[in-house]
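Raw data-v9.tsv, TSV, C-alpha atoms:
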```tsv
chain	number	residue	atom	x	y	z
U	1	MET	CA	59.04	135.57	66.21
U	2	LYS	CA	62.08	137.46	65.00
U	3	LEU	CA	64.43	138.78	67.62
U	4	ASP	CA	63.40	142.21	68.87
U	5	THR	CA	66.68	144.05	69.41
U	6	ALA	CA	65.17	146.32	72.08
U	7	GLN	CA	63.84	143.34	74.04
U	8	ALA	CA	67.12	141.46	73.57
U	9	SER	CA	69.13	144.39	74.89
U	10	PHE	CA	66.77	144.83	77.84
U	11	SER	CA	66.97	141.09	78.59
U	12	GLN	CA	70.78	141.19	78.54
U	13	LEU	CA	70.77	144.09	81.01
U	14	LEU	CA	68.50	142.12	83.33
U	15	ILE	CA	70.33	138.78	83.29
U	16	SER	CA	73.75	140.41	83.52
U	17	GLY	CA	72.73	142.53	86.50
U	18	THR	CA	73.90	145.70	84.76
U	19	LEU	CA	70.49	147.36	84.39
U	20	ILE	CA	71.00	148.96	87.79
U	21	HIS	CA	73.85	151.01	86.30
U	22	GLU	CA	71.81	152.15	83.29
U	23	ALA	CA	68.33	153.28	84.30
U	24	ASP	CA	65.25	152.75	86.42
U	25	PHE	CA	63.55	149.47	85.52
U	26	ASP	CA	60.11	150.94	84.84
U	27	GLU	CA	61.51	153.93	82.98
U	28	MET	CA	63.53	151.65	80.71
U	29	ARG	CA	60.50	149.42	80.04
U	30	GLU	CA	58.39	152.38	79.11
U	31	ARG	CA	61.09	153.91	76.91
U	32	LEU	CA	61.60	150.66	74.98
U	33	GLY	CA	57.90	149.75	74.84
U	34	ILE	CA	58.37	146.49	76.73
U	35	GLU	CA	55.35	144.99	78.49
U	36	PRO	CA	56.60	141.86	80.37
U	37	ARG	CA	57.84	142.28	83.92
U	38	PRO	CA	59.77	139.00	84.39
U	39	GLN	CA	60.49	137.32	87.74
U	40	VAL	CA	61.97	133.95	86.69
U	41	VAL	CA	64.61	132.89	84.15
U	42	ILE	CA	64.57	129.58	82.28
U	43	VAL	CA	67.69	128.57	80.38
U	44	LEU	CA	67.07	126.19	77.46
U	45	SER	CA	70.00	124.28	75.97
U	46	ILE	CA	69.85	122.22	72.78
U	47	ASP	CA	71.13	118.77	73.73
U	48	ARG	CA	74.39	117.70	72.08
U	49	TYR	CA	74.41	120.93	70.06
U	50	THR	CA	78.18	120.78	69.45
U	51	ASP	CA	77.88	117.26	67.99
U	52	LEU	CA	74.80	118.13	65.94
U	53	ALA	CA	76.38	121.29	64.53
U	54	LEU	CA	79.53	119.50	63.42
U	55	ASP	CA	79.95	119.92	59.65
U	56	LYS	CA	76.57	121.66	59.44
U	57	SER	CA	76.03	124.92	57.57
U	58	LEU	CA	75.19	128.32	59.04
U	59	GLN	CA	71.70	127.92	57.62
U	60	TRP	CA	71.19	124.74	59.68
U	61	SER	CA	72.11	126.63	62.86
U	62	ILE	CA	69.65	129.38	61.98
U	63	GLU	CA	66.86	126.92	61.25
U	64	ILE	CA	67.28	124.87	64.45
U	65	GLY	CA	67.33	128.11	66.42
U	66	GLN	CA	64.10	129.22	64.74
U	67	VAL	CA	62.45	125.93	65.68
U	68	LEU	CA	63.34	126.42	69.35
U	69	VAL	CA	62.00	130.00	69.30
U	70	GLU	CA	58.82	128.74	67.62
U	71	ALA	CA	58.48	126.12	70.36
U	72	ILE	CA	58.67	128.85	73.01
U	73	PHE	CA	55.96	130.95	71.41
U	74	GLU	CA	53.74	127.89	70.96
U	75	SER	CA	54.20	126.63	74.52
U	76	ILE	CA	54.32	129.73	76.74
U	77	THR	CA	51.10	131.66	77.22
U	78	LEU	CA	52.35	134.08	79.89
U	79	PRO	CA	54.28	137.29	79.03
U	80	PHE	CA	57.99	136.69	78.44
U	81	LEU	CA	61.22	137.97	76.91
U	82	TRP	CA	63.88	135.85	75.24
U	83	VAL	CA	67.47	136.18	74.15
U	84	TRP	CA	70.27	133.91	72.90
U	85	VAL	CA	73.07	133.63	75.49
U	86	GLY	CA	75.33	131.16	73.68
U	87	GLU	CA	75.47	128.68	70.80
U	88	GLY	CA	72.42	126.47	71.23
U	89	VAL	CA	71.53	128.16	74.53
U	90	LEU	CA	68.59	130.51	75.00
U	91	ALA	CA	67.25	132.36	78.06
U	92	VAL	CA	63.54	132.95	78.65
U	93	LEU	CA	62.61	135.69	81.11
U	94	LEU	CA	59.11	134.83	82.29
U	95	GLU	CA	56.48	136.99	83.97
U	96	LEU	CA	54.52	135.06	86.60
U	97	GLN	CA	52.62	137.98	88.10
U	98	SER	CA	49.31	136.14	87.85
U	99	VAL	CA	50.74	132.98	89.42
U	100	GLN	CA	51.07	132.65	93.17
U	101	PRO	CA	54.87	132.51	93.66
U	102	VAL	CA	54.67	130.38	96.80
U	103	GLU	CA	56.20	126.91	96.45
U	104	PRO	CA	55.42	124.77	94.57
U	105	SER	CA	53.05	126.77	92.33
U	106	TYR	CA	55.53	128.66	90.14
U	107	LYS	CA	57.76	125.60	89.81
U	108	GLN	CA	54.83	123.54	88.58
U	109	VAL	CA	53.92	126.21	86.03
U	110	THR	CA	57.47	126.59	84.66
U	111	TYR	CA	58.00	122.83	84.63
U	112	GLY	CA	54.84	122.33	82.60
U	113	MET	CA	55.89	124.98	80.09
U	114	VAL	CA	59.29	123.39	79.59
U	115	ARG	CA	57.67	119.99	79.02
U	116	LYS	CA	55.55	121.51	76.26
U	117	ILE	CA	58.65	123.02	74.66
U	118	GLN	CA	60.41	119.65	74.84
U	119	ASN	CA	57.47	117.85	73.25
U	120	PHE	CA	57.40	120.41	70.44
U	121	VAL	CA	61.10	120.11	69.53
U	122	ASP	CA	61.03	116.31	69.96
U	123	ALA	CA	58.80	116.20	66.91
U	124	LYS	CA	61.38	118.25	65.03
U	125	GLY	CA	64.17	115.73	65.56
U	126	PHE	CA	66.16	117.16	68.45
U	127	SER	CA	65.83	117.68	72.20
U	128	VAL	CA	66.47	120.35	74.81
U	129	SER	CA	67.23	120.43	78.51
U	130	ALA	CA	66.32	123.27	80.85
U	131	GLY	CA	67.45	124.93	84.05
U	132	ILE	CA	64.92	126.94	86.05
U	133	GLY	CA	65.99	129.68	88.46
U	134	THR	CA	64.28	131.06	91.56
U	135	TYR	CA	61.37	133.54	91.55
U	136	TYR	CA	62.46	137.14	92.32
U	137	GLU	CA	59.95	139.96	92.71
U	138	ASP	CA	62.74	142.54	92.51
U	139	PRO	CA	63.71	142.91	88.81
U	140	TYR	CA	67.24	143.94	89.80
U	141	LYS	CA	67.72	140.44	91.22
U	142	LEU	CA	66.70	138.66	88.04
U	143	HIS	CA	70.36	138.07	87.21
U	144	LEU	CA	70.42	135.75	90.25
U	145	SER	CA	67.63	133.66	88.73
U	146	TYR	CA	69.65	133.45	85.51
U	147	SER	CA	72.80	132.33	87.36
U	148	GLU	CA	70.76	129.73	89.28
U	149	ALA	CA	69.20	128.40	86.09
U	150	LYS	CA	72.65	127.94	84.54
U	151	GLU	CA	74.01	126.34	87.71
U	152	SER	CA	71.15	123.84	87.93
U	153	LEU	CA	71.58	122.94	84.26
U	154	ILE	CA	75.15	121.81	84.92
U	155	ASP	CA	73.74	118.57	86.41
U	156	ARG	CA	72.99	117.45	82.84
U	157	PHE	CA	76.65	116.40	82.60
U	158	PHE	CA	75.80	113.33	84.65
U	159	GLN	CA	72.17	112.73	83.80
U	160	GLY	CA	71.89	112.95	80.04
U	161	ASN	CA	69.47	114.68	77.66
U	162	ARG	CA	65.95	116.09	77.80
U	163	MET	CA	66.33	116.95	81.47
U	164	ILE	CA	64.68	119.67	83.59
U	165	PHE	CA	66.57	121.02	86.59
U	166	GLN	CA	65.23	123.45	89.16
U	167	TYR	CA	67.62	125.32	91.39
U	168	GLU	CA	68.04	123.63	94.76
U	169	GLY	CA	69.86	126.32	96.74
U	170	GLN	CA	73.27	125.97	98.36
U	171	ARG	CA	75.07	122.67	97.96
U	172	SER	CA	76.45	120.88	100.97
U	173	ILE	CA	79.99	122.03	101.76
U	174	GLN	CA	80.71	118.62	103.25
U	175	GLU	CA	79.58	116.97	100.00
U	176	GLU	CA	81.93	119.15	97.96
U	177	ARG	CA	84.86	118.34	100.22
U	178	ALA	CA	84.39	114.59	99.94
U	179	LYS	CA	87.38	112.56	98.71
U	180	PRO	CA	85.81	109.33	97.46
U	181	VAL	CA	88.97	107.90	95.87
U	182	THR	CA	91.20	106.69	98.67
U	183	HIS	CA	94.95	106.29	98.41
U	184	GLU	CA	94.54	102.50	98.54
U	185	GLU	CA	91.99	102.58	95.70
U	186	LYS	CA	94.35	104.65	93.56
U	187	ILE	CA	97.18	102.21	94.26
U	188	GLU	CA	94.92	99.29	93.36
U	189	LEU	CA	94.13	101.01	90.07
U	190	LEU	CA	97.76	101.71	89.22
U	191	SER	CA	98.95	98.31	90.40
U	192	ARG	CA	96.74	96.67	87.78
U	193	VAL	CA	98.57	98.64	85.13
U	194	ARG	CA	101.88	97.74	86.76
U	195	ILE	CA	101.24	94.01	86.32
U	196	GLY	CA	100.05	94.45	82.72
U	197	ASP	CA	96.33	94.08	83.47
U	198	GLU	CA	95.18	96.67	80.95
U	199	GLU	CA	91.52	95.65	80.81
U	200	GLY	CA	91.28	95.18	84.55
U	201	SER	CA	92.66	98.66	85.18
U	202	ILE	CA	90.12	100.21	82.81
U	203	ALA	CA	87.24	98.30	84.40
U	204	TYR	CA	88.36	99.52	87.84
U	205	LEU	CA	88.79	103.06	86.49
U	206	VAL	CA	85.16	103.05	85.35
U	207	GLU	CA	84.09	101.93	88.85
U	208	LEU	CA	86.02	104.79	90.43
U	209	LEU	CA	84.56	107.32	88.00
U	210	GLU	CA	81.06	106.11	88.83
U	211	SER	CA	81.84	106.56	92.53
U	212	LEU	CA	83.15	110.06	91.81
U	213	SER	CA	80.02	110.94	89.83
U	214	ARG	CA	77.82	109.98	92.80
U	215	SER	CA	79.92	111.98	95.26
U	216	TYR	CA	80.30	115.06	93.07
U	217	LYS	CA	76.99	115.00	91.21
U	218	HIS	CA	76.55	118.71	91.96
U	219	ASN	CA	80.14	119.78	91.41
U	220	ILE	CA	81.51	118.87	87.99
U	221	ASP	CA	84.74	120.80	88.51
U	222	LEU	CA	85.67	118.65	91.52
U	223	PHE	CA	84.66	115.50	89.65
U	224	LYS	CA	86.89	116.40	86.70
U	225	SER	CA	89.72	117.41	89.00
U	226	GLU	CA	89.68	113.98	90.68
U	227	ALA	CA	89.54	112.25	87.30
U	228	TYR	CA	92.47	114.31	86.00
U	229	ASP	CA	94.49	113.34	89.07
U	230	LEU	CA	94.07	109.65	88.23
U	231	VAL	CA	95.39	110.22	84.70
U	232	LEU	CA	98.32	112.25	85.95
U	233	SER	CA	99.20	109.50	88.45
U	234	LEU	CA	99.31	106.96	85.62
U	235	SER	CA	101.39	109.36	83.53
U	236	ARG	CA	103.96	109.63	86.32
U	237	MET	CA	104.13	105.84	86.55
U	238	VAL	CA	104.69	105.47	82.81
U	239	VAL	CA	107.45	108.09	82.90
U	240	ASP	CA	109.07	106.39	85.91
U	241	LEU	CA	109.07	103.13	83.95
U	242	GLY	CA	110.89	104.73	81.03
U	243	GLY	CA	108.18	106.51	79.03
U	244	ASN	CA	108.95	109.62	77.00
U	245	ALA	CA	108.31	112.44	79.49
U	246	SER	CA	107.99	115.33	77.01
U	247	GLU	CA	105.68	113.36	74.74
U	248	ILE	CA	103.45	112.28	77.63
U	249	LEU	CA	103.28	115.81	79.08
U	250	SER	CA	102.27	117.17	75.69
U	251	GLU	CA	99.59	114.49	75.27
U	252	ASN	CA	98.34	115.16	78.80
U	253	ALA	CA	97.87	118.84	78.06
U	254	ARG	CA	95.93	118.11	74.89
U	255	MET	CA	93.77	115.46	76.54
U	256	LEU	CA	92.97	117.51	79.64
U	257	GLN	CA	91.88	120.41	77.45
U	258	ASP	CA	89.65	118.07	75.46
U	259	LEU	CA	88.15	116.58	78.64
U	260	TYR	CA	87.55	120.03	80.11
U	261	SER	CA	85.37	120.99	77.13
U	262	THR	CA	83.40	117.71	77.21
U	263	ILE	CA	79.86	118.38	78.42
U	264	ARG	CA	78.53	114.83	78.81
U	265	TYR	CA	79.57	112.23	81.36
U	266	ASP	CA	79.40	109.25	79.00
U	267	LYS	CA	81.67	110.96	76.47
U	268	PHE	CA	84.00	112.10	79.23
U	269	VAL	CA	84.41	108.52	80.46
U	270	LYS	CA	84.87	107.18	76.93
U	271	LYS	CA	87.63	109.70	76.17
U	272	LEU	CA	89.33	109.19	79.52
U	273	CYS	CA	89.32	105.40	79.16
U	274	ALA	CA	90.72	105.63	75.61
U	275	TYR	CA	93.60	107.77	76.83
U	276	TRP	CA	94.10	105.53	79.87
U	277	ARG	CA	94.38	102.53	77.54
U	278	LYS	CA	96.96	104.34	75.44
U	279	LEU	CA	99.13	105.02	78.51
U	280	ALA	CA	98.55	101.60	80.07
U	281	LYS	CA	99.50	99.89	76.82
U	282	GLN	CA	103.01	101.31	77.13
U	283	VAL	CA	103.33	99.35	80.38
U	284	SER	CA	101.52	96.20	79.27
U	285	ASP	CA	103.72	95.99	76.15
U	286	ASP	CA	106.69	95.54	78.49
U	287	HIS	CA	104.95	92.45	79.88
U	288	ALA	CA	104.13	91.01	76.48
U	289	LEU	CA	105.39	87.53	75.69
U	290	GLU	CA	105.77	85.89	72.29
U	291	VAL	CA	103.08	83.26	72.79
U	292	SER	CA	100.17	81.78	70.91
U	293	PRO	CA	96.70	83.39	71.07
U	294	ILE	CA	95.51	80.65	73.44
U	295	VAL	CA	98.28	81.25	75.98
U	296	ARG	CA	97.92	85.01	75.56
U	297	SER	CA	94.22	84.65	76.43
U	298	ALA	CA	95.18	82.67	79.54
U	299	ILE	CA	97.71	85.33	80.61
U	300	VAL	CA	95.10	88.09	80.22
U	301	TYR	CA	92.66	86.02	82.26
U	302	ILE	CA	95.24	85.45	85.00
U	303	ARG	CA	96.04	89.14	85.26
U	304	GLU	CA	92.38	90.11	85.37
U	305	HIS	CA	91.46	87.48	88.00
U	306	HIS	CA	94.69	87.27	90.01
U	307	GLN	CA	92.88	88.30	93.20
U	308	ASP	CA	90.51	85.34	93.01
U	309	ARG	CA	91.07	81.73	93.98
U	310	MET	CA	92.12	80.24	90.66
U	311	LEU	CA	92.47	76.59	89.70
U	312	LEU	CA	94.33	75.09	86.77
U	313	LYS	CA	91.15	73.31	85.70
U	314	GLU	CA	89.25	76.61	85.62
U	315	ILE	CA	91.67	78.43	83.35
U	316	ALA	CA	92.02	75.38	81.09
U	317	GLN	CA	88.26	75.45	80.61
U	318	HIS	CA	88.49	79.18	79.84
U	319	CYS	CA	90.88	78.27	77.00
U	320	TYR	CA	88.73	75.29	75.90
U	321	LEU	CA	91.59	72.84	76.54
U	322	SER	CA	92.05	69.79	78.70
U	323	THR	CA	93.83	70.46	81.98
U	324	HIS	CA	96.85	68.31	81.07
U	325	TYR	CA	97.30	69.79	77.59
U	326	PHE	CA	96.86	73.37	78.81
U	327	ALA	CA	99.47	72.89	81.56
U	328	HIS	CA	101.91	71.51	79.00
U	329	VAL	CA	101.34	74.28	76.42
U	330	PHE	CA	101.42	77.09	78.99
U	331	LYS	CA	104.75	76.01	80.51
U	332	LYS	CA	106.29	75.44	77.10
U	333	GLU	CA	105.38	78.92	75.80
U	334	ALA	CA	105.47	81.06	78.98
U	335	GLY	CA	108.57	79.35	80.37
U	336	VAL	CA	107.00	78.73	83.78
U	337	SER	CA	104.04	76.76	85.11
U	338	PHE	CA	100.60	78.28	85.46
U	339	VAL	CA	100.95	78.41	89.27
U	340	ASP	CA	104.38	80.04	89.12
U	341	PHE	CA	103.16	82.62	86.63
U	342	LEU	CA	100.13	83.42	88.82
U	343	ASN	CA	102.32	83.83	91.89
U	344	LYS	CA	104.71	86.05	89.93
U	345	VAL	CA	101.86	88.36	88.95
U	346	ARG	CA	100.62	88.51	92.54
U	347	ILE	CA	104.10	89.24	93.93
U	348	GLU	CA	104.70	91.93	91.33
U	349	LYS	CA	101.53	93.64	92.49
U	350	ALA	CA	102.48	93.16	96.13
U	351	VAL	CA	105.79	94.93	95.44
U	352	TYR	CA	103.88	98.01	94.31
U	353	PHE	CA	101.74	98.00	97.46
U	354	LEU	CA	104.83	97.63	99.63
U	355	GLU	CA	106.40	100.62	97.90
U	356	LYS	CA	103.35	102.89	97.90
U	357	THR	CA	101.26	102.06	100.99
U	358	GLU	CA	101.50	101.32	104.69
U	359	LEU	CA	99.12	98.36	104.51
U	360	THR	CA	99.95	95.36	106.71
U	361	MET	CA	101.33	92.16	105.22
U	362	GLN	CA	98.00	90.42	105.81
U	363	GLU	CA	96.14	93.22	104.00
U	364	ILE	CA	98.53	93.17	101.04
U	365	ALA	CA	98.39	89.39	100.84
U	366	ALA	CA	94.60	89.49	100.68
U	367	ARG	CA	94.59	92.26	98.06
U	368	VAL	CA	96.85	90.35	95.68
U	369	GLY	CA	95.14	86.98	96.05
U	370	PHE	CA	96.94	85.14	98.87
U	371	GLN	CA	94.67	83.94	101.65
U	372	ASP	CA	97.53	83.18	104.02
U	373	ALA	CA	100.10	85.84	104.96
U	374	ASN	CA	102.77	83.26	105.82
U	375	TYR	CA	102.41	81.57	102.44
U	376	PHE	CA	102.60	85.00	100.82
U	377	ALA	CA	105.83	85.76	102.70
U	378	ARG	CA	107.40	82.48	101.60
U	379	LYS	CA	106.50	82.99	97.94
U	380	PHE	CA	107.68	86.59	98.08
U	381	LYS	CA	111.08	85.58	99.40
U	382	MET	CA	111.35	82.79	96.85
U	383	ILE	CA	110.76	85.23	93.97
U	384	MET	CA	112.30	88.45	95.29
U	385	GLY	CA	115.13	87.01	97.40
U	386	CYS	CA	114.05	88.80	100.59
U	387	SER	CA	111.03	89.00	102.90
U	388	PRO	CA	108.23	91.52	102.27
U	389	THR	CA	109.24	93.40	105.44
U	390	ASP	CA	112.87	93.67	104.35
U	391	TYR	CA	111.82	94.78	100.89
U	392	ARG	CA	109.65	97.55	102.32
U	393	SER	CA	112.45	98.70	104.58
U	394	SER	CA	114.95	98.88	101.71
U	395	ALA	CA	112.45	100.61	99.42
U	396	GLN	CA	111.88	103.35	102.01
U	397	CYS	CA	115.57	104.07	102.48
```

Step by step, read the file and then write its structure as structure tokens.
Amino acid sequence: MKLDTAQASFSQLLISGTLIHEADFDEMRERLGIEPRPQVVIVLSIDRYTDLALDKSLQWSIEIGQVLVEAIFESITLPFLWVWVGEGVLAVLLELQSVQPVEPSYKQVTYGMVRKIQNFVDAKGFSVSAGIGTYYEDPYKLHLSYSEAKESLIDRFFQGNRMIFQYEGQRSIQEERAKPVTHEEKIELLSRVRIGDEEGSIAYLVELLESLSRSYKHNIDLFKSEAYDLVLSLSRMVVDLGGNASEILSENARMLQDLYSTIRYDKFVKKLCAYWRKLAKQVSDDHALEVSPIVRSAIVYIREHHQDRMLLKEIAQHCYLSTHYFAHVFKKEAGVSFVDFLNKVRIEKAVYFLEKTELTMQEIAARVGFQDANYFARKFKMIMGCSPTDYRSSAQC
């Protein structure tokens, strides 16, 4: 089961598409003493290899590679070639001459072989995922099967470990051009940061990332590009509010590089949310008040639920206090009543929508928690000293 250098070299020529520049396929096989005549490529990737290999020795990498090669020889009964194409990634070039290549026969055969390989390595304490390319009778087209196998395997970013992906052909152009995050959704996300709702902004960010993952499930580059844009939008807000521009730009560069190299969706989201929290905290700290833990809990609750119909009794129960005592403590520490504080949060968010969108007053009122546009206008003027319409006009000048 040791690597045959002649077979490895021949395999590399096939999957790279460069054999055509070197020699005739049959002549090269005969010269090197190679029997298999492969038509399909399977790419096997050790799941979470980068994490597993962290702080491990060279010997560990050799041993885990030997186990995967052993699994291939134990599970595949048809003629094949194999070659390592990256750390933790191996290509199998499979001959299916005896198998009818009409759908779905060859796919069933390759799928079954991969399952056997997975079962073998499962018992050894790790797992693998696989991408399976298309059947090509012409050996000079085998590099296409290899490219397809790699492309299909990219879906593992969203779907996890121990997966098997078979190439599905061309993706929908319309799907790739989708823009699932609307301008209003982005403003909603940023407005939560603007009012100091750190947790609410992260929860909404996760929702948007889930929407992106559904829309771009076959195009990771577009998914990541959309996600990066959300981070950059928050960065611009933080800088506009007085953040250190050079420091934030430097952190952005480091974080985007880290995200780009992340190969699993769950880790990508975890890293993105951690960085989002770090940026959002710079804004929420500006909203921080010197209050007791009970009142701080109430303020967080108000910011997270400002869009909902909220009663004094409800938030008092959230803080495990009587309504009367909560109202007294909140006004004493926050400096304003519960209702005035809630309206202030809503108006602060409305200001951001007036500055950044063309939504109507009724739409903005509803988005920030006011059911009646006229009541919203009155409260806005009371707090801001002008009507929402006048504020928008002045902001656009």

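Interatomic distance, CA of Leu289 in chain U against CA of Ala334 in chain U: 7.3 Å.
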
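Distances from U:Gln257, U:Ser129, U:Ile164, U:Trp60 to Tyr111 in chain U were compared using only C-alpha atoms, and the smallest one belongs to U:Ile164.
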
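Using only C-alpha atoms for every distance, the candidate list U:Ser45, U:Glu137, U:Met382, U:Ile76 yields U:Ser45 as the residue closest to Ala149 in chain U.
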
At what distance in Å, to one decimal, does CA of Leu3 in chain U lie from CA of Gln39 in chain U?
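Calculated distance between CA of Gln39 in chain U and CA of Leu3 in chain U is 20.6 Å.
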
Excluding range 94-98 of chain U and residues on its chain fewer than 2 positions from it, collect all residues at most 8 Å away from it, counting all atoms listed in the file, and give them as a ChimeraX atom specification.
/U:36-42,78-81,92,100-101,106

If you keep C-alpha atoms, can you produce a file of those selected residues as a compact mmCIF listing (two decimals), in the coordinates of the input?
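The result, stored in out21.txt:
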```
# COMPACT_ATOMS: atom_id res chain seq x y z
CA PRO U 36 56.60 141.86 80.37
CA ARG U 37 57.84 142.28 83.92
CA PRO U 38 59.77 139.00 84.39
CA GLN U 39 60.49 137.32 87.74
CA VAL U 40 61.97 133.95 86.69
CA VAL U 41 64.61 132.89 84.15
CA ILE U 42 64.57 129.58 82.28
CA LEU U 78 52.35 134.08 79.89
CA PRO U 79 54.28 137.29 79.03
CA PHE U 80 57.99 136.69 78.44
CA LEU U 81 61.22 137.97 76.91
CA VAL U 92 63.54 132.95 78.65
CA GLN U 100 51.07 132.65 93.17
CA PRO U 101 54.87 132.51 93.66
CA TYR U 106 55.53 128.66 90.14
```

Closest of U:Asp240, U:Asp4, U:Asp47, U:Glu355 to Asp122 in chain U - atom-to-atom distances counting only C-alpha atoms
U:Asp47

Using only C-alpha atoms - which residues lie no farther than 12 Å from the point (76.7, 124.7, 88.0) in the file's frame? Write them as a VMD selection string.
chain U and resid 131 133 146 to 158 165 to 171 216 to 222 263

Separation of CA of Gly200 in chain U from CA of Glu304 in chain U, in Å and rounded to one decimal:
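Separation between CA of Gly200 in chain U and CA of Glu304 in chain U: 5.3 Å.
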
Minimum-distance residue to Pro180 in chain U, chosen among U:Ser61, U:Ser215, U:Asn161, U:Ser75 (using only C-alpha atoms):
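Distance minimum relative to Pro180 in chain U lands on U:Ser215.
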
So which one's closest to Lys270 in chain U, U:Leu32, U:Phe326, U:Ala395, U:Leu209? Using only C-alpha atoms, please.
U:Leu209

Hey, which of U:Arg48, U:Gly65, U:Ser16, U:Lys56 ends up closest to Lys2 in chain U? Count only C-alpha atoms.
U:Gly65

Box in all listed atoms of range 378-393 of chain U, axis-aligned, with 8 Å more on each side; write out centre and edge lengths in Å to one decimal as JSON.
```
{"center_x": 110.8, "center_y": 90.6, "center_z": 99.7, "size_x": 24.6, "size_y": 32.2, "size_z": 27.5}
```
